[in-house]
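To be precise, the following lines are protein04.tsv, and they hold TSV, C-alpha atoms.
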```
chain	number	residue	atom	x	y	z
A	408	MET	CA	3.24	1.24	21.35
A	409	PRO	CA	-0.46	0.77	22.06
A	410	ASP	CA	-2.67	-0.82	19.42
A	411	ARG	CA	-5.03	1.46	17.51
A	412	GLN	CA	-8.46	1.73	19.08
A	413	PRO	CA	-10.73	3.59	16.63
A	414	ARG	CA	-13.70	5.10	18.40
A	415	PRO	CA	-17.01	3.47	17.38
A	416	GLY	CA	-20.12	5.36	16.40
A	417	ARG	CA	-18.54	8.06	14.24
A	418	PRO	CA	-16.45	8.35	11.08
A	419	GLU	CA	-12.75	7.78	11.57
A	420	ARG	CA	-10.98	11.14	11.65
A	421	VAL	CA	-8.09	11.30	9.18
A	422	ALA	CA	-5.73	14.27	9.38
A	423	VAL	CA	-3.62	14.90	6.28
A	424	LEU	CA	-0.47	16.84	7.19
A	425	ALA	CA	0.70	19.02	4.32
A	426	LEU	CA	4.35	20.11	4.46
A	427	ASP	CA	6.10	22.76	2.40
A	428	GLY	CA	7.20	21.42	-0.97
A	429	ALA	CA	4.23	19.04	-1.16
A	430	TYR	CA	3.26	17.36	-4.39
A	431	PRO	CA	-0.35	18.48	-5.10
A	432	PHE	CA	-1.30	15.10	-6.59
A	433	GLU	CA	-0.33	13.08	-3.53
A	434	LEU	CA	-1.83	15.68	-1.22
A	435	GLY	CA	-5.26	15.08	-2.77
A	436	ILE	CA	-5.18	11.27	-2.70
A	437	PRO	CA	-6.49	10.68	0.86
A	438	SER	CA	-9.49	12.96	0.40
A	439	ARG	CA	-10.33	11.42	-2.99
A	440	ILE	CA	-10.02	7.77	-1.97
A	441	LEU	CA	-11.12	7.81	1.67
A	442	GLY	CA	-13.76	10.40	0.88
A	443	ALA	CA	-15.42	7.90	-1.47
A	444	ALA	CA	-15.87	5.30	1.30
A	445	ASP	CA	-19.54	5.93	2.10
A	446	GLY	CA	-18.89	8.41	4.90
A	447	ARG	CA	-16.64	6.08	6.89
A	448	TYR	CA	-13.87	8.69	7.10
A	449	GLU	CA	-13.73	12.39	7.91
A	450	VAL	CA	-10.68	13.73	6.06
A	451	ILE	CA	-9.18	17.01	7.29
A	452	THR	CA	-6.11	18.69	5.80
A	453	CYS	CA	-3.82	20.69	8.05
A	454	SER	CA	-0.41	22.35	8.10
A	455	VAL	CA	2.11	22.72	10.88
A	456	ASP	CA	1.02	26.31	11.56
A	457	GLY	CA	-2.38	26.73	9.90
A	458	ARG	CA	-0.88	28.83	7.11
A	459	PRO	CA	-0.94	28.15	3.35
A	460	VAL	CA	1.49	25.51	2.12
A	461	GLN	CA	3.89	26.14	-0.74
A	462	THR	CA	3.73	23.18	-3.09
A	463	CYS	CA	6.45	22.03	-5.46
A	464	ALA	CA	4.30	23.43	-8.29
A	465	ASP	CA	3.78	27.10	-9.05
A	466	PHE	CA	0.98	27.64	-6.53
A	467	THR	CA	0.28	27.49	-2.83
A	468	ILE	CA	-2.54	25.61	-1.12
A	469	GLY	CA	-4.63	27.17	1.61
A	470	VAL	CA	-5.63	24.85	4.45
A	471	ALA	CA	-8.36	25.49	6.99
A	472	HIS	CA	-6.66	23.86	9.96
A	473	GLY	CA	-3.48	23.98	11.99
A	474	PRO	CA	-1.74	21.18	13.92
A	475	GLU	CA	-4.43	21.08	16.61
A	476	VAL	CA	-6.45	18.59	14.51
A	477	LEU	CA	-3.65	16.05	15.00
A	478	ASP	CA	-4.67	15.81	18.68
A	479	THR	CA	-7.91	14.00	17.82
A	480	ALA	CA	-6.98	12.16	14.60
A	481	ASP	CA	-7.38	8.38	14.45
A	482	THR	CA	-5.13	8.29	11.37
A	483	VAL	CA	-2.48	10.81	10.33
A	484	ILE	CA	-1.25	10.81	6.72
A	485	VAL	CA	1.95	12.73	5.95
A	486	THR	CA	2.12	13.48	2.25
A	487	SER	CA	5.19	13.59	0.05
A	488	MET	CA	7.39	16.49	-0.89
A	489	ALA	CA	9.92	17.19	-3.63
A	490	PRO	CA	13.26	15.50	-2.87
A	491	ALA	CA	15.02	18.88	-2.76
A	492	ARG	CA	12.68	19.91	0.07
A	493	ILE	CA	13.38	16.92	2.31
A	494	PRO	CA	15.04	18.37	5.42
A	495	ASP	CA	18.23	16.91	6.86
A	496	ARG	CA	16.76	17.68	10.26
A	497	LEU	CA	13.11	18.21	11.03
A	498	PRO	CA	12.15	21.84	11.59
A	499	ALA	CA	10.98	22.50	15.13
A	500	GLU	CA	7.39	23.12	14.00
A	501	VAL	CA	7.26	19.73	12.22
A	502	THR	CA	8.63	17.96	15.29
A	503	ALA	CA	6.07	19.74	17.46
A	504	ALA	CA	3.25	18.78	15.09
A	505	LEU	CA	4.23	15.11	15.08
A	506	ALA	CA	4.41	15.13	18.88
A	507	ARG	CA	0.70	15.96	18.99
A	508	ILE	CA	-0.31	12.65	17.37
A	509	ARG	CA	-2.17	10.29	19.69
A	510	PRO	CA	-0.08	7.29	20.89
A	511	ASP	CA	-2.57	4.84	19.36
A	512	ALA	CA	-3.12	6.67	16.06
A	513	ARG	CA	-2.27	5.06	12.75
A	514	ILE	CA	0.49	6.97	10.95
A	515	VAL	CA	0.88	6.79	7.16
A	516	SER	CA	3.50	8.22	4.82
A	517	ILE	CA	3.15	8.68	1.08
A	518	CYS	CA	6.34	8.47	-0.99
A	519	THR	CA	9.14	10.68	0.36
A	520	ALA	CA	7.26	11.44	3.59
A	521	ALA	CA	8.89	8.23	4.88
A	522	PHE	CA	11.97	10.41	5.41
A	523	VAL	CA	9.97	12.59	7.81
A	524	LEU	CA	8.77	9.61	9.85
A	525	ALA	CA	12.25	8.09	9.86
A	526	GLU	CA	13.89	11.34	10.94
A	527	ALA	CA	11.39	11.52	13.80
A	528	GLY	CA	12.44	8.01	14.88
A	529	LEU	CA	9.01	6.54	14.25
A	530	LEU	CA	10.27	3.85	11.88
A	531	ASP	CA	13.22	2.54	13.90
A	532	GLY	CA	13.16	-1.26	13.97
A	533	ARG	CA	10.25	-1.41	11.53
A	534	ARG	CA	9.79	-2.39	7.89
A	535	ALA	CA	9.14	0.53	5.56
A	536	THR	CA	9.36	1.62	1.94
A	537	THR	CA	9.71	4.79	-0.09
A	538	HIS	CA	10.19	5.84	-3.72
A	539	TRP	CA	12.67	3.54	-5.50
A	540	GLN	CA	14.84	6.49	-6.58
A	541	MET	CA	15.38	7.44	-2.94
A	542	THR	CA	16.20	4.05	-1.48
A	543	ASP	CA	20.00	4.40	-1.45
A	544	LEU	CA	19.82	7.74	0.35
A	545	PHE	CA	17.22	6.36	2.77
A	546	ARG	CA	19.36	3.34	3.66
A	547	ARG	CA	22.42	5.50	4.28
A	548	SER	CA	20.45	7.96	6.40
A	549	TYR	CA	18.36	5.50	8.42
A	550	PRO	CA	20.13	2.16	8.86
A	551	ARG	CA	17.84	1.22	11.76
A	552	VAL	CA	14.86	1.01	9.41
A	553	GLU	CA	14.31	-2.25	7.52
A	554	LEU	CA	13.73	-0.82	4.06
A	555	ASP	CA	11.90	-2.91	1.47
A	556	PRO	CA	12.27	-1.14	-1.89
A	557	ASP	CA	10.39	-3.76	-3.92
A	558	VAL	CA	6.84	-3.22	-2.66
A	559	LEU	CA	4.12	-0.64	-3.23
A	560	PHE	CA	3.43	-0.23	0.48
A	561	VAL	CA	4.29	-1.70	3.87
A	562	ALA	CA	2.00	-2.05	6.88
A	563	ASP	CA	3.98	-2.62	10.07
A	564	GLY	CA	1.66	-2.30	13.02
A	565	ARG	CA	0.30	1.23	13.20
A	566	MET	CA	3.01	2.54	10.85
A	567	LEU	CA	2.24	2.39	7.13
A	568	THR	CA	4.57	3.60	4.39
A	569	SER	CA	4.05	3.70	0.64
A	570	ALA	CA	6.23	4.01	-2.43
A	571	GLY	CA	6.10	6.75	-5.04
A	572	ALA	CA	3.19	8.93	-6.13
A	573	ALA	CA	0.23	6.70	-7.12
A	574	SER	CA	1.10	4.15	-4.44
A	575	GLY	CA	-0.73	6.59	-2.17
A	576	VAL	CA	-3.86	5.27	-3.87
A	577	ASP	CA	-2.81	1.69	-3.08
A	578	ILE	CA	-2.20	2.41	0.60
A	579	CYS	CA	-5.48	4.32	1.02
A	580	LEU	CA	-7.38	1.42	-0.56
A	581	HIS	CA	-5.50	-0.89	1.81
A	582	ILE	CA	-6.73	1.21	4.73
A	583	VAL	CA	-10.33	0.88	3.53
A	584	ARG	CA	-9.87	-2.85	2.92
A	585	THR	CA	-8.36	-3.39	6.38
A	586	ASP	CA	-10.97	-1.32	8.19
A	587	HIS	CA	-14.11	-2.31	6.28
A	588	GLY	CA	-13.38	-5.25	3.98
A	589	SER	CA	-12.77	-5.82	0.29
A	590	GLU	CA	-16.36	-5.15	-0.78
A	591	LEU	CA	-16.17	-1.48	0.19
A	592	ALA	CA	-12.57	-1.12	-1.01
A	593	ASN	CA	-13.55	-2.50	-4.41
A	594	ALA	CA	-16.50	-0.13	-4.58
A	595	VAL	CA	-14.23	2.83	-3.79
A	596	ALA	CA	-11.81	1.70	-6.48
A	597	ARG	CA	-14.60	1.54	-9.05
A	598	ARG	CA	-15.84	5.00	-8.12
A	599	CYS	CA	-12.34	6.43	-8.50
A	600	VAL	CA	-11.63	4.38	-11.67
A	601	VAL	CA	-8.48	2.77	-10.26
A	602	PRO	CA	-7.53	-0.91	-9.85
A	603	PRO	CA	-8.54	-2.24	-6.41
A	604	PHE	CA	-5.22	-4.08	-6.12
A	605	ARG	CA	-2.12	-3.72	-8.26
A	606	ASP	CA	0.06	-6.72	-9.03
A	607	GLY	CA	3.75	-6.76	-8.27
A	608	GLY	CA	5.84	-4.10	-6.63
A	609	GLN	CA	8.02	-1.10	-7.40
A	610	ALA	CA	10.48	-3.16	-9.42
A	611	GLN	CA	8.20	-2.99	-12.43
A	612	TYR	CA	8.53	0.83	-12.45
A	613	ILE	CA	12.30	1.10	-12.08
A	614	GLU	CA	13.91	2.45	-15.23
A	615	GLN	CA	14.82	-0.41	-17.56
A	616	PRO	CA	16.19	-0.53	-21.09
A	617	VAL	CA	13.30	-0.33	-23.56
A	618	PRO	CA	12.67	-3.79	-25.08
A	619	ASP	CA	12.77	-4.35	-28.82
A	620	SER	CA	9.63	-3.06	-30.51
A	621	GLY	CA	8.77	-6.56	-31.64
A	622	ALA	CA	9.17	-8.12	-28.19
A	623	ALA	CA	6.09	-9.84	-26.81
A	624	GLY	CA	4.88	-9.18	-23.27
A	625	THR	CA	3.43	-11.43	-20.60
A	626	ALA	CA	0.17	-9.55	-19.88
A	627	ALA	CA	-1.98	-11.92	-21.93
A	628	THR	CA	-0.49	-14.91	-20.15
A	629	ARG	CA	-1.09	-13.34	-16.75
A	630	ALA	CA	-4.75	-12.82	-17.67
A	631	TRP	CA	-4.93	-16.41	-18.90
A	632	ALA	CA	-3.43	-17.67	-15.64
A	633	LEU	CA	-5.84	-15.66	-13.49
A	634	ASP	CA	-8.71	-17.55	-15.12
A	635	ARG	CA	-7.05	-20.85	-14.21
A	636	LEU	CA	-5.79	-20.35	-10.66
A	637	ASP	CA	-7.52	-23.56	-9.57
A	638	ARG	CA	-5.19	-25.57	-11.82
A	639	PRO	CA	-1.59	-26.66	-11.07
A	640	LEU	CA	0.09	-24.16	-13.39
A	641	THR	CA	3.82	-24.58	-13.99
A	642	LEU	CA	6.43	-22.30	-15.45
A	643	ALA	CA	6.36	-24.50	-18.55
A	644	ASP	CA	2.58	-23.96	-18.85
A	645	LEU	CA	2.99	-20.19	-18.65
A	646	ALA	CA	5.93	-20.05	-21.04
A	647	GLY	CA	4.10	-22.33	-23.45
A	648	HIS	CA	1.07	-20.07	-23.49
A	649	ALA	CA	3.32	-17.05	-24.14
A	650	ARG	CA	5.21	-19.01	-26.82
A	651	MET	CA	8.56	-18.26	-25.23
A	652	SER	CA	11.40	-20.32	-23.88
A	653	LEU	CA	11.42	-20.85	-20.12
A	654	ARG	CA	14.41	-18.55	-19.67
A	655	THR	CA	13.03	-15.74	-21.85
A	656	PHE	CA	9.60	-15.90	-20.24
A	657	ALA	CA	10.97	-15.83	-16.68
A	658	ARG	CA	13.24	-12.87	-17.46
A	659	ARG	CA	10.54	-10.89	-19.27
A	660	PHE	CA	7.95	-11.67	-16.59
A	661	ASN	CA	10.25	-10.41	-13.85
A	662	ASP	CA	11.06	-7.25	-15.84
A	663	GLU	CA	7.35	-6.45	-16.28
A	664	VAL	CA	5.94	-7.48	-12.91
A	665	GLY	CA	8.87	-7.26	-10.50
A	666	LEU	CA	8.28	-10.82	-9.28
A	667	SER	CA	9.13	-14.29	-10.46
A	668	PRO	CA	6.21	-16.21	-12.05
A	669	GLY	CA	6.08	-18.55	-9.05
A	670	ARG	CA	5.90	-15.73	-6.49
A	671	TRP	CA	3.31	-13.93	-8.59
A	672	LEU	CA	1.10	-17.03	-8.77
A	673	ILE	CA	1.24	-17.44	-5.00
A	674	GLN	CA	0.40	-13.76	-4.55
A	675	GLN	CA	-2.63	-14.07	-6.83
A	676	ARG	CA	-3.82	-17.26	-5.14
A	677	VAL	CA	-3.56	-15.66	-1.72
A	678	ALA	CA	-5.44	-12.57	-2.97
A	679	ARG	CA	-8.22	-14.77	-4.40
A	680	ALA	CA	-8.37	-16.77	-1.18
A	681	ARG	CA	-8.69	-13.58	0.88
A	682	HIS	CA	-11.63	-12.50	-1.26
A	683	LEU	CA	-13.36	-15.86	-0.80
A	684	LEU	CA	-12.73	-15.83	2.94
A	685	GLU	CA	-14.38	-12.42	3.15
A	686	ALA	CA	-17.23	-12.87	0.70
A	687	SER	CA	-18.24	-16.53	1.14
A	688	ASP	CA	-18.77	-19.18	3.79
A	689	LEU	CA	-16.88	-21.88	1.89
A	690	PRO	CA	-14.75	-24.21	4.07
A	691	VAL	CA	-11.02	-23.50	4.07
A	692	ASP	CA	-10.19	-26.73	2.22
A	693	ARG	CA	-12.68	-25.84	-0.52
A	694	ILE	CA	-11.21	-22.35	-0.86
A	695	ALA	CA	-7.74	-23.87	-1.10
A	696	ALA	CA	-8.88	-26.03	-4.01
A	697	GLU	CA	-10.64	-23.08	-5.69
A	698	VAL	CA	-7.44	-21.00	-5.73
A	699	GLY	CA	-4.98	-23.76	-6.63
A	700	PHE	CA	-3.40	-24.70	-3.30
A	701	ALA	CA	-3.12	-28.45	-2.90
A	702	THR	CA	-4.45	-28.53	0.68
A	703	GLY	CA	-5.96	-26.33	3.33
A	704	ALA	CA	-2.65	-26.61	5.18
A	705	SER	CA	-0.87	-25.10	2.17
A	706	LEU	CA	-3.33	-22.19	2.13
A	707	ARG	CA	-2.80	-21.64	5.86
A	708	GLN	CA	0.96	-21.58	5.36
A	709	HIS	CA	0.90	-19.09	2.48
A	710	LEU	CA	-1.71	-16.82	4.07
A	711	HIS	CA	0.25	-16.70	7.32
A	712	ALA	CA	3.45	-15.92	5.39
A	713	ALA	CA	1.69	-13.11	3.51
A	714	ILE	CA	-0.26	-11.38	6.29
A	715	GLY	CA	0.56	-13.20	9.51
A	716	VAL	CA	-2.86	-14.68	10.36
A	717	SER	CA	-4.75	-17.93	9.87
A	718	PRO	CA	-7.72	-18.23	7.45
A	719	GLN	CA	-10.14	-18.50	10.37
A	720	ALA	CA	-8.77	-15.36	12.06
A	721	TYR	CA	-8.83	-13.47	8.77
A	722	ARG	CA	-12.43	-14.50	8.10
A	723	ARG	CA	-13.57	-13.49	11.58
A	724	THR	CA	-12.00	-10.06	11.23
A	725	PHE	CA	-13.24	-9.18	7.75
A	726	GLN	CA	-16.66	-10.79	7.84
A	727	ARG	CA	-17.30	-8.84	11.02
A	728	ALA	CA	-16.19	-5.66	9.23
A	729	ARG	CA	-18.43	-6.52	6.31
```

Starting from the file, lay out its structure as structure tokens.
Amino acid sequence: MPDRQPRPGRPERVAVLALDGAYPFELGIPSRILGAADGRYEVITCSVDGRPVQTCADFTIGVAHGPEVLDTADTVIVTSMAPARIPDRLPAEVTAALARIRPDARIVSICTAAFVLAEAGLLDGRRATTHWQMTDLFRRSYPRVELDPDVLFVADGRMLTSAGAASGVDICLHIVRTDHGSELANAVARRCVVPPFRDGGQAQYIEQPVPDSGAAGTAATRAWALDRLDRPLTLADLAGHARMSLRTFARRFNDEVGLSPGRWLIQQRVARARHLLEASDLPVDRIAAEVGFATGASLRQHLHAAIGVSPQAYRRTFQRAR
């Protein structure tokens, strides 16, 4: 498939496709988040036939546009619907609407809308995610899709999929961050009073037995660690700060965050390094030391594993966007 080529000199046109059974909350996320990005996006909501959309709540939503806006959209976001409304086969009008999307457009699903993209064959051979409660059904229905149920969103080329409900916020902030850099994404997050980047993945939201009321958590230790990323923190250091045994701390940390302490530390160091690559001109070796990687080579390895590019390539892309 061709790479996306957004047209310069005008706001990026984002078409939000509302399907019957839509969740009103998720339907409003793109307009709220992308609409706060200093006019960088023009967000238009449409339906497959231009008629009002029946939501999963007790009201319908009127939309001003039909599927014709998909012809000119740079990004198309398909919003979620109640599980009972997910079709076994796509209705002809939905198939026809999806066929109007430009070959180079970015396509995004929120929550259960991944089923729509998968049914249309758009996710075959790609990584994707959806709501954790729907992962077993998704795997059975679409074995050609590489499902990752542990993350909040997946970006695989021009196809982006997100997990349940509020992960639509995460993926829209990711779009802003990718297109225009962390500075604008952080500003949008502040305006919308949401975190610019959420730690961990879906695992932290999967139903778990409620811990004993007297059980301590790991949040304070995570905050402590974030202030000391430049130091060689060990599991023993973290468990000692939390006043837990190594085994108890590791188990409780994984229950709360959905990652092991080691993976979480790497994730936070990479995130801090990305910010410094965007917002400063520090040499790569200095950034590596600032975020707790032993060498610049170690930073290069972890950044490439996380997002597939070198520090220099990442800096060129995002400083240009900035």

I'd like the neighbourhood of Thr479 (chain A) as a PyMOL selection string, where a residue qualifies if any of its atoms comes within 9 Å (using only C-alpha atoms), though same-chain residues fewer than 6 positions away should be ignored. chain A and resi 420+422+507-509+512

Identify the residues within 6 Å of coordinate (-3.3, 12.6, 10.8) (same frame as the file), considering all atoms listed in the file, and give the answer as a ChimeraX atom specification. /A:421-423,477,480,482-484

Contact residues around Gly571 (chain A) with only C-alpha atoms at 9 Å, ignoring same-chain residues under 6 positions, as a list in words: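 Within the cut-off, the hits are Ser487, Ile517, Cys518, Thr519, Thr537, His538, Trp539, Gln540, Leu559 and Gln609 of chain A.
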
Gly588 (chain A): which residues within 12 Å, counting all atoms listed in the file, same-chain residues fewer than 3 positions away excluded, as a ChimeraX atom specification? /A:444,580-585,591-595,603,681-686,721-729

Counting all atoms listed in the file, find the residues whose atoms lie at most 12 Å from (2.1, -10.6, -10.3) (file coordinates) and write them out as a ChimeraX atom specification. /A:558,604-611,625-626,628-630,632-633,660-678

Among A:Ile451, A:Ile694, A:Leu441, A:Val716, His587 (chain A) is approached most closely, using all atoms listed in the file, by A:Leu441

Nearest-residue call for Asp543 (chain A), choices A:Ala573, A:Asp555, A:Gln461, A:Ser652, using all atoms listed in the file: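 Closest residue, counting all atoms listed in the file: A:Asp555.
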
Rounded to one decimal in Å, what is the spacing between CA of Pro459 (chain A) and CA of Pro431 (chain A)? 12.9 Å

Looking at A:Arg707, A:Asp586, A:Glu433, A:Leu653, which one is nearest to Ser569 (chain A), with distances taken over only C-alpha atoms?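 Of the candidates, the smallest distance to Ser569 (chain A) is held by A:Glu433.
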
What's around Thr452 (chain A) at 9 Å? Count only C-alpha atoms, leave out sequence neighbours fewer than 4 positions away in its own chain, and write the answer as a ChimeraX atom specification. /A:421-425,434,438,470-473,476

Would you please work out which residue, of A:Gly428, A:Gly624, A:Gly528, A:Gly564, is nearest to Arg659 (chain A) when using only C-alpha atoms?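 Checking each candidate against Arg659 (chain A), we get A:Gly624 as the closest.
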
Between CA of Thr542 (chain A) and CA of Glu526 (chain A) - distance in Å to one decimal: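 Atom-to-atom, CA of Glu526 (chain A) to CA of Thr542 (chain A), that is 14.6 Å.
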
Computed interatomic separation between CA of Met488 (chain A) and CA of Val460 (chain A) (Å):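 Computing the Euclidean distance for CA of Met488 (chain A) and CA of Val460 (chain A) yields 11.2 Å.
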
Selected residue of minimal separation from Cys453 (chain A) among A:Leu645, A:Leu426, A:Ile440, A:Val523, counting only C-alpha atoms: A:Leu426

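You can rank A:Cys463, A:Ala713, A:Leu689, A:Ala443 by their closest distance to Ala596 (chain A) using only C-alpha atoms, and at the top of that list sits A:Ala443.
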